[in-house]
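Below is run.cif, holding mmCIF, C-alpha atoms and all ligand atoms.
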data_query
loop_
_atom_site.label_atom_id
_atom_site.label_comp_id
_atom_site.auth_asym_id
_atom_site.auth_seq_id
_atom_site.Cartn_x
_atom_site.Cartn_y
_atom_site.Cartn_z
CA MET K 276 94.16 86.31 117.94
CA SER K 277 95.82 87.42 114.73
CA LEU K 278 95.96 90.87 113.24
CA VAL K 279 94.28 91.53 109.91
CA VAL K 280 94.97 94.76 108.03
CA MET K 281 92.18 95.40 105.53
CA LYS K 282 91.88 98.20 102.97
CA PHE K 283 88.75 99.49 101.26
CA GLY K 284 88.96 101.72 98.18
CA GLY K 285 86.77 104.64 97.20
CA SER K 286 84.41 102.55 95.05
CA SER K 287 83.58 100.48 98.17
CA LEU K 288 82.70 103.60 100.17
CA SER K 289 80.81 105.80 97.72
CA THR K 290 77.46 105.71 99.58
CA LEU K 291 76.34 105.29 103.20
CA GLU K 292 74.77 102.00 102.21
CA LYS K 293 78.11 100.73 100.90
CA MET K 294 79.79 101.92 104.09
CA LYS K 295 77.35 99.79 106.05
CA HIS K 296 78.20 96.83 103.85
CA VAL K 297 81.93 97.45 104.48
CA ALA K 298 81.24 97.72 108.22
CA ASN K 299 79.60 94.28 108.11
CA ILE K 300 82.60 92.76 106.31
CA ILE K 301 84.84 94.20 109.02
CA ILE K 302 82.60 92.86 111.81
CA ASN K 303 82.56 89.45 110.19
CA ARG K 304 86.35 89.40 110.03
CA LYS K 305 86.56 90.48 113.67
CA GLU K 306 84.20 87.72 114.74
CA GLN K 307 86.67 85.22 113.30
CA LYS K 308 88.83 86.15 116.31
CA ASN K 309 90.96 88.80 114.61
CA LYS K 310 92.19 92.19 115.65
CA ILE K 311 91.26 94.58 112.86
CA ILE K 312 92.82 97.64 111.27
CA ALA K 313 90.89 98.91 108.25
CA VAL K 314 92.50 101.50 106.02
CA VAL K 315 90.09 103.52 103.91
CA SER K 316 90.25 105.78 100.85
CA ALA K 317 88.13 108.85 100.19
CA PRO K 318 84.50 108.03 99.26
CA GLY K 319 83.82 107.48 95.52
CA ASP K 320 85.55 110.02 93.29
CA LYS K 321 86.08 112.55 96.08
CA THR K 322 89.83 112.91 95.46
CA ASP K 323 89.24 113.53 91.73
CA GLU K 324 86.62 116.15 92.61
CA LEU K 325 89.08 117.92 94.90
CA VAL K 326 91.76 117.85 92.19
CA THR K 327 89.28 119.35 89.70
CA MET K 328 88.46 122.12 92.18
CA ILE K 329 92.13 122.99 92.53
CA LYS K 330 92.62 123.02 88.74
CA SER K 331 89.69 125.41 88.29
CA LEU K 332 91.16 127.72 90.91
CA THR K 333 94.82 127.96 89.94
CA GLU K 334 97.41 126.55 87.54
CA LYS K 335 100.19 126.63 90.09
CA PRO K 336 98.83 125.72 93.51
CA SER K 337 101.07 125.42 96.55
CA ARG K 338 101.77 121.68 96.82
CA ARG K 339 101.52 121.96 100.61
CA GLU K 340 97.97 123.30 100.33
CA VAL K 341 97.08 120.67 97.73
CA ASP K 342 97.89 118.04 100.33
CA VAL K 343 95.95 119.84 103.05
CA LEU K 344 92.91 119.66 100.77
CA LEU K 345 93.42 116.10 99.48
CA THR K 346 93.73 114.59 102.96
CA THR K 347 90.17 115.74 103.73
CA GLY K 348 88.65 113.04 101.47
CA GLU K 349 89.94 110.19 103.62
CA MET K 350 88.85 112.05 106.80
CA ILE K 351 85.25 111.85 105.60
CA SER K 352 85.54 108.07 105.24
CA ILE K 353 87.17 107.36 108.60
CA ALA K 354 84.59 109.37 110.53
CA LEU K 355 81.55 107.96 108.71
CA LEU K 356 82.75 104.35 108.77
CA THR K 357 83.65 104.54 112.46
CA MET K 358 80.22 106.01 113.27
CA THR K 359 78.60 103.22 111.24
CA LEU K 360 80.51 100.56 113.19
CA CYS K 361 79.63 102.17 116.52
CA ASN K 362 75.97 102.29 115.45
CA LEU K 363 76.16 98.56 114.86
CA GLY K 364 77.33 98.10 118.43
CA GLU K 365 81.09 97.77 117.80
CA LYS K 366 83.94 99.44 119.63
CA ALA K 367 85.72 101.38 116.90
CA ILE K 368 87.95 104.42 116.66
CA SER K 369 89.19 106.50 113.71
CA MET K 370 92.79 107.61 113.21
CA THR K 371 94.22 110.12 110.75
CA GLY K 372 97.62 109.39 109.22
CA TYR K 373 99.16 111.61 111.88
CA GLN K 374 97.36 109.87 114.74
CA ALA K 375 98.39 106.50 113.31
CA GLY K 376 102.03 107.61 113.53
CA ILE K 377 102.75 107.73 109.80
CA VAL K 378 105.77 109.97 109.28
CA SER K 379 106.75 110.85 105.72
CA ASP K 380 109.26 113.08 103.95
CA SER K 381 108.08 116.51 102.80
CA ASN K 382 107.69 115.76 99.09
CA TYR K 383 104.09 116.96 98.95
CA THR K 384 101.71 114.94 96.71
CA HIS K 385 104.29 112.12 96.36
CA ALA K 386 105.61 111.79 99.91
CA LYS K 387 107.48 108.64 100.94
CA ILE K 388 106.83 106.98 104.31
CA LYS K 389 109.92 107.24 106.53
CA LYS K 390 108.64 105.36 109.56
CA ILE K 391 105.45 104.44 111.41
CA ASN K 392 105.21 104.84 115.18
CA VAL K 393 102.76 102.09 116.02
CA ASP K 394 102.50 102.70 119.80
CA LYS K 395 99.12 104.42 119.67
CA ILE K 396 97.72 101.82 117.28
CA ASN K 397 98.88 99.02 119.59
CA GLU K 398 97.32 100.79 122.56
CA TYR K 399 93.93 100.94 120.82
CA LEU K 400 94.23 97.36 119.58
CA GLU K 401 94.91 96.13 123.10
CA LYS K 402 91.72 97.84 124.23
CA ASP K 403 89.90 95.75 121.62
CA ASN K 404 89.07 98.60 119.24
CA ILE K 405 88.50 98.19 115.54
CA ILE K 406 90.81 100.86 114.12
CA ILE K 407 89.83 102.79 111.01
CA VAL K 408 92.85 104.56 109.51
CA ALA K 409 92.82 107.29 106.85
CA GLY K 410 94.83 105.99 103.89
CA PHE K 411 97.00 108.01 101.51
CA GLN K 412 98.22 110.49 104.15
CA GLY K 413 101.08 111.14 106.50
CA VAL K 414 102.76 114.00 108.24
CA ASP K 415 106.34 115.28 107.87
CA ILE K 416 108.68 115.95 110.81
CA ASN K 417 107.44 119.55 110.95
CA GLY K 418 103.83 118.47 111.30
CA ASN K 419 102.82 119.33 107.71
CA LEU K 420 100.17 117.10 106.12
CA THR K 421 101.40 115.08 103.15
CA THR K 422 99.89 112.62 100.66
CA LEU K 423 101.54 109.47 99.33
CA GLY K 424 100.71 109.62 95.59
CA ARG K 425 97.45 108.62 93.91
CA GLY K 426 96.17 105.23 94.98
CA GLY K 427 98.26 105.64 98.13
CA SER K 428 95.82 103.96 100.53
CA ASP K 429 97.09 100.60 99.27
CA LEU K 430 100.54 101.70 100.42
CA THR K 431 99.23 102.80 103.83
CA ALA K 432 97.70 99.36 104.36
CA VAL K 433 100.77 97.38 103.33
CA ALA K 434 103.12 99.67 105.29
CA LEU K 435 100.97 99.28 108.41
CA ALA K 436 100.94 95.49 108.04
CA ALA K 437 104.75 95.51 107.68
CA SER K 438 105.23 97.82 110.68
CA LEU K 439 102.98 95.66 112.83
CA CYS K 440 104.95 92.54 111.78
CA SER K 441 102.01 91.04 109.95
CA ASN K 442 102.85 89.22 106.72
CA TYR K 443 99.37 89.54 105.25
CA CYS K 444 97.08 92.34 104.03
CA GLU K 445 93.64 92.27 102.40
CA ILE K 446 92.81 94.84 99.72
CA TYR K 447 89.13 95.11 98.80
CA SER K 448 87.88 96.89 95.65
CA ASP K 449 85.16 96.70 93.02
CA VAL K 450 86.89 93.79 91.19
CA ASP K 451 87.44 90.36 92.68
CA GLY K 452 91.19 90.35 92.13
CA VAL K 453 93.81 91.04 89.51
CA TYR K 454 92.70 90.13 86.00
CA THR K 455 94.61 89.25 82.83
CA THR K 456 93.71 92.75 81.66
CA ASP K 457 91.32 95.48 82.82
CA PRO K 458 87.91 93.71 82.90
CA ARG K 459 86.27 97.07 82.18
CA LEU K 460 87.94 97.09 78.75
CA VAL K 461 87.97 93.41 77.80
CA LYS K 462 84.96 91.27 78.67
CA LYS K 463 86.97 88.05 78.27
CA ALA K 464 89.52 89.11 80.92
CA ARG K 465 90.03 86.42 83.57
CA LYS K 466 90.99 86.54 87.22
CA ILE K 467 94.51 85.38 88.10
CA ASP K 468 94.64 83.29 91.29
CA PHE K 469 98.31 83.79 92.21
CA LEU K 470 100.95 86.30 91.17
CA SER K 471 104.54 86.93 92.21
CA TYR K 472 105.51 90.37 93.49
CA ASP K 473 107.71 90.95 90.43
CA THR K 474 104.95 90.30 87.94
CA MET K 475 102.50 92.46 89.89
CA ILE K 476 105.09 95.25 90.06
CA GLU K 477 105.35 95.22 86.26
CA MET K 478 101.55 95.13 85.89
CA SER K 479 101.03 98.08 88.26
CA GLU K 480 103.89 100.03 86.74
CA THR K 481 102.45 99.69 83.25
CA GLY K 482 98.88 100.67 84.08
CA ALA K 483 96.98 98.00 86.09
CA GLN K 484 95.41 100.50 88.46
CA VAL K 485 93.95 97.81 90.74
CA LEU K 486 96.98 97.94 93.08
CA GLN K 487 99.32 100.87 93.57
CA LEU K 488 102.89 100.19 92.43
CA ARG K 489 104.60 101.41 95.59
CA SER K 490 102.43 99.21 97.77
CA ILE K 491 103.69 96.10 95.95
CA GLU K 492 107.29 97.26 96.22
CA VAL K 493 106.88 97.62 100.00
CA ALA K 494 105.03 94.28 100.18
CA LYS K 495 107.96 92.60 98.42
CA LYS K 496 110.53 94.29 100.64
CA TYR K 497 108.78 93.26 103.87
CA ASN K 498 107.36 89.99 102.57
CA VAL K 499 103.72 90.96 103.11
CA SER K 500 101.38 88.81 100.99
CA ILE K 501 98.48 90.78 99.53
CA TYR K 502 95.09 89.24 98.97
CA ALA K 503 93.13 91.37 96.48
CA LYS K 504 89.42 90.65 96.51
CA SER K 505 86.01 92.16 95.96
CA THR K 506 83.95 94.09 98.49
CA PHE K 507 80.82 93.05 96.68
CA ASN K 508 81.01 89.27 96.33
CA GLU K 509 82.43 86.21 98.06
CA ASN K 510 84.53 85.02 95.09
CA SER K 511 88.11 84.05 95.78
CA GLY K 512 90.62 86.78 94.99
CA THR K 513 94.24 87.05 93.86
CA LEU K 514 97.14 86.28 96.18
CA ILE K 515 100.27 88.32 95.46
CA THR K 516 103.20 86.74 97.22
CA ASN K 517 106.81 85.57 96.94
CA VAL K 518 107.93 82.90 94.52
CA LYS K 519 108.83 80.52 97.38
CA GLU K 520 105.26 80.67 98.64
CA LEU K 521 103.93 80.09 95.11
CA ARG K 522 106.14 77.01 94.78
CA ARG K 523 105.01 75.78 98.20
CA LYS K 524 101.52 75.81 96.79
CA LYS K 525 102.93 73.88 93.82
CA MET K 526 101.91 76.64 91.51
CA GLU K 527 103.89 78.45 88.89
CA GLU K 528 102.82 81.46 86.99
CA PRO K 529 102.11 80.67 83.37
CA PHE K 530 104.26 82.39 80.81
CA ILE K 531 102.10 85.39 79.99
CA SER K 532 100.34 86.87 83.02
CA GLY K 533 98.56 89.87 81.64
CA ILE K 534 98.21 92.81 79.31
CA THR K 535 98.16 96.36 80.57
CA PHE K 536 97.69 99.77 79.01
CA ASP K 537 98.73 103.22 80.07
CA LYS K 538 97.01 106.31 78.72
CA SER K 539 99.02 108.75 80.80
CA GLN K 540 101.85 109.30 78.32
CA VAL K 541 102.48 111.91 75.62
CA LYS K 542 104.92 111.53 72.73
CA PHE K 543 107.39 114.23 71.67
CA SER K 544 109.12 113.96 68.30
CA LEU K 545 112.05 116.24 67.49
CA PHE K 546 113.04 116.03 63.82
CA GLY K 547 115.88 117.54 61.84
CA LEU K 548 118.49 118.10 64.52
CA PRO K 549 122.00 118.81 63.32
CA ASN K 550 124.06 115.60 63.62
CA ILE K 551 126.63 116.96 66.04
CA SER K 552 127.95 115.10 69.06
CA GLY K 553 126.37 115.82 72.43
CA ILE K 554 123.14 117.28 71.03
CA ILE K 555 120.88 114.47 72.31
CA ALA K 556 122.67 114.53 75.68
CA LYS K 557 122.01 118.27 75.95
CA ILE K 558 118.26 117.70 75.46
CA LEU K 559 118.14 114.87 77.98
CA VAL K 560 120.15 116.81 80.58
CA THR K 561 117.82 119.80 80.22
CA LEU K 562 114.76 117.60 80.76
CA ALA K 563 116.39 115.83 83.71
CA ARG K 564 117.13 119.20 85.33
CA GLY K 565 113.45 120.03 85.02
CA ASN K 566 112.71 116.73 86.83
CA ILE K 567 110.96 115.39 83.73
CA ILE K 568 111.05 111.59 83.56
CA ILE K 569 111.35 110.04 80.11
CA ASP K 570 109.80 106.61 79.65
CA LEU K 571 110.24 105.26 76.11
CA ILE K 572 112.88 106.78 73.84
CA SER K 573 114.29 106.16 70.35
CA GLN K 574 116.77 108.00 68.17
CA PHE K 575 117.81 107.68 64.52
CA ILE K 576 119.82 109.42 61.82
CA ASN K 577 117.91 109.93 58.54
CA SER K 578 119.25 109.84 54.98
CA ASN K 579 119.97 113.61 55.12
CA ASN K 580 122.35 112.96 58.01
CA GLU K 581 119.92 114.63 60.41
CA ASN K 582 119.45 113.43 63.96
CA ASN K 583 115.90 112.65 65.18
CA ILE K 584 114.66 111.79 68.65
CA VAL K 585 111.28 110.55 69.82
CA PHE K 586 110.36 110.04 73.48
CA THR K 587 107.41 109.85 75.84
CA VAL K 588 106.79 111.63 79.17
CA ASN K 589 103.87 111.70 81.58
CA LYS K 590 100.97 113.97 80.49
CA ASN K 591 101.40 115.93 83.73
CA ASP K 592 104.80 117.05 82.41
CA MET K 593 103.55 117.95 78.92
CA LEU K 594 103.51 121.75 79.37
CA LYS K 595 106.82 121.84 81.20
CA THR K 596 108.45 119.68 78.51
CA LYS K 597 107.06 121.89 75.72
CA GLN K 598 108.43 124.99 77.42
CA GLU K 599 111.90 123.50 77.92
CA LEU K 600 112.04 122.23 74.33
CA LYS K 601 110.88 125.52 72.80
CA ILE K 602 113.91 127.23 74.32
CA LEU K 603 116.20 124.45 73.05
CA MET K 604 114.71 124.50 69.53
CA LYS K 605 116.21 127.89 68.80
CA GLU K 606 119.50 127.17 70.47
CA LEU K 607 120.04 123.77 68.82
CA GLN K 608 118.39 124.59 65.46
CA ILE K 609 115.83 121.83 65.77
CA LYS K 610 113.56 121.97 62.69
CA THR K 611 110.34 120.35 63.90
CA MET K 612 108.68 119.45 67.19
CA LEU K 613 105.53 117.30 67.17
CA VAL K 614 103.49 116.53 70.26
CA ASN K 615 100.99 113.64 70.28
CA ASP K 616 98.88 112.92 73.36
CA LYS K 617 96.56 110.47 71.59
CA ILE K 618 98.79 107.51 72.29
CA VAL K 619 98.63 104.48 74.60
CA LYS K 620 101.46 102.33 75.87
CA ILE K 621 100.53 98.66 75.76
CA SER K 622 102.53 96.09 77.74
CA ILE K 623 102.55 92.31 77.78
CA ILE K 624 103.80 90.94 81.09
CA GLY K 625 105.17 87.47 81.73
CA LEU K 626 108.01 85.79 83.58
CA GLY K 627 110.90 85.00 81.23
CA ILE K 628 109.19 86.66 78.26
CA LYS K 629 112.48 87.82 76.82
CA SER K 630 114.06 84.39 76.82
CA ASP K 631 111.54 83.10 74.27
CA PRO K 632 112.01 84.89 70.91
CA ASN K 633 108.71 83.48 69.66
CA ILE K 634 106.74 85.68 72.03
CA ILE K 635 107.96 88.94 70.55
CA ALA K 636 107.56 87.53 67.04
CA ARG K 637 103.97 86.50 67.81
CA ILE K 638 103.11 89.91 69.28
CA PHE K 639 104.23 91.86 66.27
CA SER K 640 103.04 89.38 63.62
CA MET K 641 99.61 89.62 65.17
CA MET K 642 99.72 93.43 65.18
CA TYR K 643 100.75 93.35 61.52
CA GLU K 644 97.91 90.94 60.64
CA LYS K 645 95.39 93.18 62.41
CA ASP K 646 96.84 96.21 60.64
CA ILE K 647 97.61 98.02 63.89
CA ASP K 648 100.58 100.39 63.64
CA PHE K 649 102.98 100.33 66.57
CA GLU K 650 106.23 102.03 67.47
CA MET K 651 108.79 102.59 70.24
CA ILE K 652 109.19 99.00 71.37
CA SER K 653 110.95 98.40 74.68
CA THR K 654 111.60 95.14 76.52
CA SER K 655 112.64 93.98 79.97
CA ASP K 656 113.08 90.44 81.27
CA ILE K 657 109.39 90.15 81.97
CA ARG K 658 107.77 92.79 79.76
CA VAL K 659 107.37 94.00 76.19
CA SER K 660 105.90 97.49 75.70
CA PHE K 661 105.07 99.57 72.66
CA ILE K 662 102.99 102.56 71.62
CA VAL K 663 99.80 102.54 69.53
CA ASN K 664 97.33 105.25 68.58
CA GLU K 665 94.57 105.44 71.21
CA ILE K 666 91.89 104.52 68.66
CA ASN K 667 93.55 101.10 68.33
CA MET K 668 93.86 100.46 72.07
CA GLN K 669 90.88 98.17 72.61
CA ARG K 670 91.50 96.17 69.43
CA ALA K 671 95.20 95.73 70.27
CA VAL K 672 94.56 94.60 73.87
CA GLU K 673 91.74 92.23 72.85
CA SER K 674 93.76 90.75 70.01
CA LEU K 675 96.77 90.12 72.25
CA HIS K 676 94.48 88.60 74.88
CA ASN K 677 93.14 86.20 72.21
CA GLU K 678 96.56 85.52 70.67
CA PHE K 679 97.94 84.27 74.00
CA LYS K 680 94.65 82.50 74.89
CA LEU K 681 94.56 84.16 78.28
CA SER K 682 90.88 83.52 78.85
CA LYS K 683 91.50 79.78 78.41
CA ILE K 684 94.70 79.58 80.47
CA TYR K 685 93.18 81.37 83.45
CA ASN K 686 89.82 79.70 83.29
CA LYS K 687 91.19 76.66 85.03
CA THR K 688 92.98 76.66 88.36
CA ILE K 689 96.69 76.24 87.76
P1 LIG W 1 89.74 101.30 94.58
O1 LIG W 1 88.81 102.48 94.40
O2 LIG W 1 89.13 100.20 95.39
O3 LIG W 1 91.11 101.68 95.06
P2 LIG W 1 90.68 101.17 91.88
O4 LIG W 1 89.72 101.93 91.02
O5 LIG W 1 91.95 101.87 92.27
O6 LIG W 1 89.90 100.63 93.14
O7 LIG W 1 91.07 99.79 91.18
C1 LIG W 1 90.08 98.92 90.70
C2 LIG W 1 89.93 99.10 89.19
O8 LIG W 1 91.15 98.73 88.55
C3 LIG W 1 88.91 98.17 88.59
O9 LIG W 1 87.62 98.73 88.59
C4 LIG W 1 89.44 97.92 87.16
O10 LIG W 1 88.69 98.58 86.17
C5 LIG W 1 90.84 98.50 87.20
N1 LIG W 1 91.85 97.58 86.64
C6 LIG W 1 92.80 97.93 85.71
N2 LIG W 1 93.53 96.90 85.38
C7 LIG W 1 93.08 95.83 86.09
C8 LIG W 1 93.45 94.45 86.16
N3 LIG W 1 94.46 93.95 85.43
N4 LIG W 1 92.77 93.66 87.01
C9 LIG W 1 91.75 94.15 87.77
N5 LIG W 1 91.35 95.44 87.73
C10 LIG W 1 92.00 96.28 86.90
N1 LIG W 2 91.89 108.79 97.55
C1 LIG W 2 93.22 108.65 97.01
C2 LIG W 2 93.18 108.61 95.49
O1 LIG W 2 92.11 108.67 94.91
C3 LIG W 2 93.96 107.47 97.56
C4 LIG W 2 93.42 106.13 97.21
O2 LIG W 2 92.32 106.03 96.65
O3 LIG W 2 94.09 105.13 97.49
O4 LIG W 2 94.21 108.56 94.87
MG MG W 3 93.01 102.16 94.14
#

Take the structure in the file and write it out as structure tokens.
Ligand code: ADP
Ligand code: ASP
Ligand code: MG
Amino acid sequence: MSLVVMKFGGSSLSTLEKMKHVANIIINRKEQKNKIIAVVSAPGDKTDELVTMIKSLTEKPSRREVDVLLTTGEMISIALLTMTLCNLGEKAISMTGYQAGIVSDSNYTHAKIKKINVDKINEYLEKDNIIIVAGFQGVDINGNLTTLGRGGSDLTAVALAASLCSNYCEIYSDVDGVYTTDPRLVKKARKIDFLSYDTMIEMSETGAQVLQLRSIEVAKKYNVSIYAKSTFNENSGTLITNVKELRRKKMEEPFISGITFDKSQVKFSLFGLPNISGIIAKILVTLARGNIIIDLISQFINSNNENNIVFTVNKNDMLKTKQELKILMKELQIKTMLVNDKIVKISIIGLGIKSDPNIIARIFSMMYEKDIDFEMISTSDIRVSFIVNEINMQRAVESLHNEFKLSKIYNKTI
């Protein structure tokens, strides 16, 4: 008998009817002579609803209490799904993160898993139970409830697979795998059959919400292959695995894998700074002290010998960044501060993208032809990113998708 760790997201659990459907998928998998652990997220948009409640109550909630509240969403799912399975005649038991032995640090809302004590899980597995585990949650060494960052049930599933020495994990959602871009935005998006960890890491990091970034990082570290597939159809999914495994299957990733977009950033422009040494460093050190992470950044001196700096941060840090910069504006005699949250970061992901100069040339020639303004370009070995105004997002993503013929490349099996 082999162990299969499965994970079902909120969209697969939004109604009792869908829960019953999920229960049948689990039973089917068990009947194929597998031991089953199913990790579940909160039903539907429950976590978003809880976050909205907190926001309407207070601007500065205790992060500990935020986590106490957010863990309740997944509790609803484990209880209801376990009851559904039992109703269908199965032997099933629910486990919270704590009961499943998931120990994290105390960084509420973004806790990291430190270890998983799998004894209890093994005990229940040996007694032939289907185990339903609450995703996204853990407990610190003092017994405080923690959550693992949004989308964290993916991480729970991969971490459990790794801790139980399984090199495979199935993640079910409302799409039948990872697509060349978000199929909700671009109708011509195509499913990708195989992806390396590194490419998936870049896709998740730059906005492909279908799999949580940290879950892929852990999968890579522990060599757990992830099979992303749909809860609602039998289509084949996407296998995310190591390059050796991809080669074994005689398959290589094509050059461009996908296009992602990230609406979570806000752009700050500081113009007219005196051109004195250390001034930019002072701004960056102040932001770093406030734990504000900068993503894209550019700096230039204008013809009046003034220094100018433009950078992006996460929208969650917008107020904090404004406050820090307002203090600095007086001190450093900064003339103008502009804040623009109507921007989107678009990324093109592909192995070896940087080694072919034609790719970057094609991207920006196309943007020029389509009359789409862009700025703040950044590159890595396998990614090119830049900022556009949000009104141009769909046109930019669709045009890039066409330019690199992604719907043709991925229409055939590689
Ligand atoms: P779950 O609730 O199961 O965790 P998510 O909502 O987190 O599911 O992720 C699935 C969603 O991710 C899809 O509905 C899709 O719109 C979105 N998505 C964004 N980028 C991609 C992509 N490249 N491929 C597939 N889905 C994507
Ligand atoms: N329910 C949590 C969230 O919405 C965790 C998850 O869905 O994976 O972020
Ligand atoms: Mg998710």

Env of segment 557-569 of chain K: 12 Å cut, atoms = all atoms listed in the file, seq-sep filter 3 positions within chain, self excluded. Answer as a ChimeraX atom specification.
/K:540-543,545,548,551-554,572-573,583-604,606-607,609

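Using all atoms listed in the file for every distance, the candidate list K:Glu334, K:Asp656, K:Asp473, K:Glu665 yields K:Glu665 as the residue closest to Phe536 of chain K.
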
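Atom CA of Gly285 of chain K is positioned 6.8 Å from atom CA of Asp320 of chain K.
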
Find the residues of chain K that sit at most 10 Å from ligand MG 3 (chain W); for each, write down the nearest two atoms and how far apart they are in Å, to one decimal. Count all atoms listed in the file. Sort by chain, then by number going up, and give it as JSON lines.
{"residue": "K:Lys282", "atom": "CA", "partner": "W:MG3", "partner_atom": "MG", "distance": 9.7}
{"residue": "K:Phe283", "atom": "CA", "partner": "W:MG3", "partner_atom": "MG", "distance": 8.7}
{"residue": "K:Gly284", "atom": "CA", "partner": "W:MG3", "partner_atom": "MG", "distance": 5.7}
{"residue": "K:Gly285", "atom": "CA", "partner": "W:MG3", "partner_atom": "MG", "distance": 7.4}
{"residue": "K:Ser286", "atom": "CA", "partner": "W:MG3", "partner_atom": "MG", "distance": 8.7}
{"residue": "K:Ser316", "atom": "CA", "partner": "W:MG3", "partner_atom": "MG", "distance": 8.1}
{"residue": "K:Arg425", "atom": "CA", "partner": "W:MG3", "partner_atom": "MG", "distance": 7.8}
{"residue": "K:Gly426", "atom": "CA", "partner": "W:MG3", "partner_atom": "MG", "distance": 4.5}
{"residue": "K:Gly427", "atom": "CA", "partner": "W:MG3", "partner_atom": "MG", "distance": 7.5}
{"residue": "K:Ser428", "atom": "CA", "partner": "W:MG3", "partner_atom": "MG", "distance": 7.2}
{"residue": "K:Asp429", "atom": "CA", "partner": "W:MG3", "partner_atom": "MG", "distance": 6.7}
{"residue": "K:Leu430", "atom": "CA", "partner": "W:MG3", "partner_atom": "MG", "distance": 9.8}
{"residue": "K:Ile446", "atom": "CA", "partner": "W:MG3", "partner_atom": "MG", "distance": 9.2}
{"residue": "K:Tyr447", "atom": "CA", "partner": "W:MG3", "partner_atom": "MG", "distance": 9.3}
{"residue": "K:Ser448", "atom": "CA", "partner": "W:MG3", "partner_atom": "MG", "distance": 7.5}
{"residue": "K:Asp449", "atom": "CA", "partner": "W:MG3", "partner_atom": "MG", "distance": 9.6}
{"residue": "K:Ala483", "atom": "CA", "partner": "W:MG3", "partner_atom": "MG", "distance": 9.9}
{"residue": "K:Gln484", "atom": "CA", "partner": "W:MG3", "partner_atom": "MG", "distance": 6.4}
{"residue": "K:Val485", "atom": "CA", "partner": "W:MG3", "partner_atom": "MG", "distance": 5.6}
{"residue": "K:Leu486", "atom": "CA", "partner": "W:MG3", "partner_atom": "MG", "distance": 5.9}
{"residue": "K:Gln487", "atom": "CA", "partner": "W:MG3", "partner_atom": "MG", "distance": 6.5}

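Our summary of the geometry notes that atom CA of Phe546 of chain K is positioned 27.5 Å from atom CA of Thr481 of chain K.
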
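The nearest approach to Gly413 of chain K among the residues K:Gly533, K:Gly372, K:Gly452, K:Pro458, with only C-alpha atoms taken into account, belongs to K:Gly372.
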
Place a sphere of radius 9 Å on (85.7, 100.5, 114.9) in the file coordinates and name every protein, DNA or RNA residue with an atom inside or on its surface, counting only C-alpha atoms; give the answer as a ChimeraX atom specification.
/K:298,301-302,311-313,356-361,365-369,404-407

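One finds atom CA of Ala436 of chain K at 12.2 Å from atom CA of Lys496 of chain K.
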
With the cut-off set at 9 Å and counting only C-alpha atoms, tabulate each residue of segment 285-306 of chain K with an atom at most that distance from an atom of segment 504-524 of chain K, showing the nearest atom pair and its distance in Å to one decimal, ordered by chain and increasing number, as a tab-separated table.
residue	atom	partner	partner_atom	distance
K:Ser287	CA	K:Thr506	CA	6.4
K:His296	CA	K:Thr506	CA	8.3
K:Val297	CA	K:Thr506	CA	7.2
K:Ile300	CA	K:Thr506	CA	8.0

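With distances restricted to all atoms listed in the file, K:Lys495 is the closest residue to Leu470 of chain K from K:Lys330, K:Lys495, K:Arg489, K:Lys610.
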
Residues within 8 Å of Thr346 of chain K, all atoms listed in the file, excluding chain neighbours under 4 positions, as a PyMOL selection string:
chain K and resi 342+350+411-412+420-422

Got a sec: who's within 12 Å of segment 668-676 of chain K, counting only C-alpha atoms, leaving out chain neighbours fewer than 6 positions off, as a ChimeraX atom specification?
/K:454-465,531-538,617-624,634-635,637-649,659-662,682-685

Using all atoms of segment 426-435 of chain K listed in the file and a margin of 3 Å per side, can you give the axis-aligned box centre and edge lengths in Å to one decimal, as lines of an AutoDock Vina configuration file?
center_x = 99.5
center_y = 101.5
center_z = 101.7
size_x = 13.3
size_y = 14.3
size_z = 19.4

Contact residues around Gly424 of chain K with only C-alpha atoms at 8 Å, ignoring same-chain residues under 6 positions, as number ranges by chain
K: 384-386, 411

List every protein, DNA or RNA residue with an atom no more than 7 Å from (105.9, 117.7, 102.8) in the file's coordinates, counting all atoms listed in the file, and format the result as an mmCIF file with C-alpha atoms, keeping the file's coordinate frame.
data_model
loop_
_atom_site.group_PDB
_atom_site.id
_atom_site.type_symbol
_atom_site.label_atom_id
_atom_site.label_comp_id
_atom_site.auth_asym_id
_atom_site.auth_seq_id
_atom_site.Cartn_x
_atom_site.Cartn_y
_atom_site.Cartn_z
ATOM 1 C CA ARG K 339 101.520 121.960 100.610
ATOM 2 C CA ASP K 380 109.260 113.080 103.950
ATOM 3 C CA SER K 381 108.080 116.510 102.800
ATOM 4 C CA ASN K 382 107.690 115.760 99.090
ATOM 5 C CA TYR K 383 104.090 116.960 98.950
ATOM 6 C CA ALA K 386 105.610 111.790 99.910
ATOM 7 C CA ASP K 415 106.340 115.280 107.870
ATOM 8 C CA ASN K 419 102.820 119.330 107.710
ATOM 9 C CA LEU K 420 100.170 117.100 106.120
ATOM 10 C CA THR K 421 101.400 115.080 103.150
#

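The shortest atom-to-atom distance to Lys629 of chain K, with all atoms listed in the file taken into account, belongs to K:Ile657 out of K:Val280, K:Ile657, K:Met651, K:Leu439.
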
Restrict the output to segment 537-544 of chain K and C-alpha atoms, then write it as a compact mmCIF listing (two decimals), in the first residue's frame.
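And here is the file that came out, result_31.txt:
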# COMPACT_ATOMS: atom_id res chain seq x y z
CA ASP K 537 0.90 40.50 -9.97
CA LYS K 538 -1.56 43.18 -8.89
CA SER K 539 -0.33 43.34 -5.31
CA GLN K 540 2.31 46.02 -5.81
CA VAL K 541 2.30 49.80 -5.40
CA LYS K 542 4.83 52.19 -6.94
CA PHE K 543 6.51 55.02 -5.02
CA SER K 544 8.35 57.74 -6.94
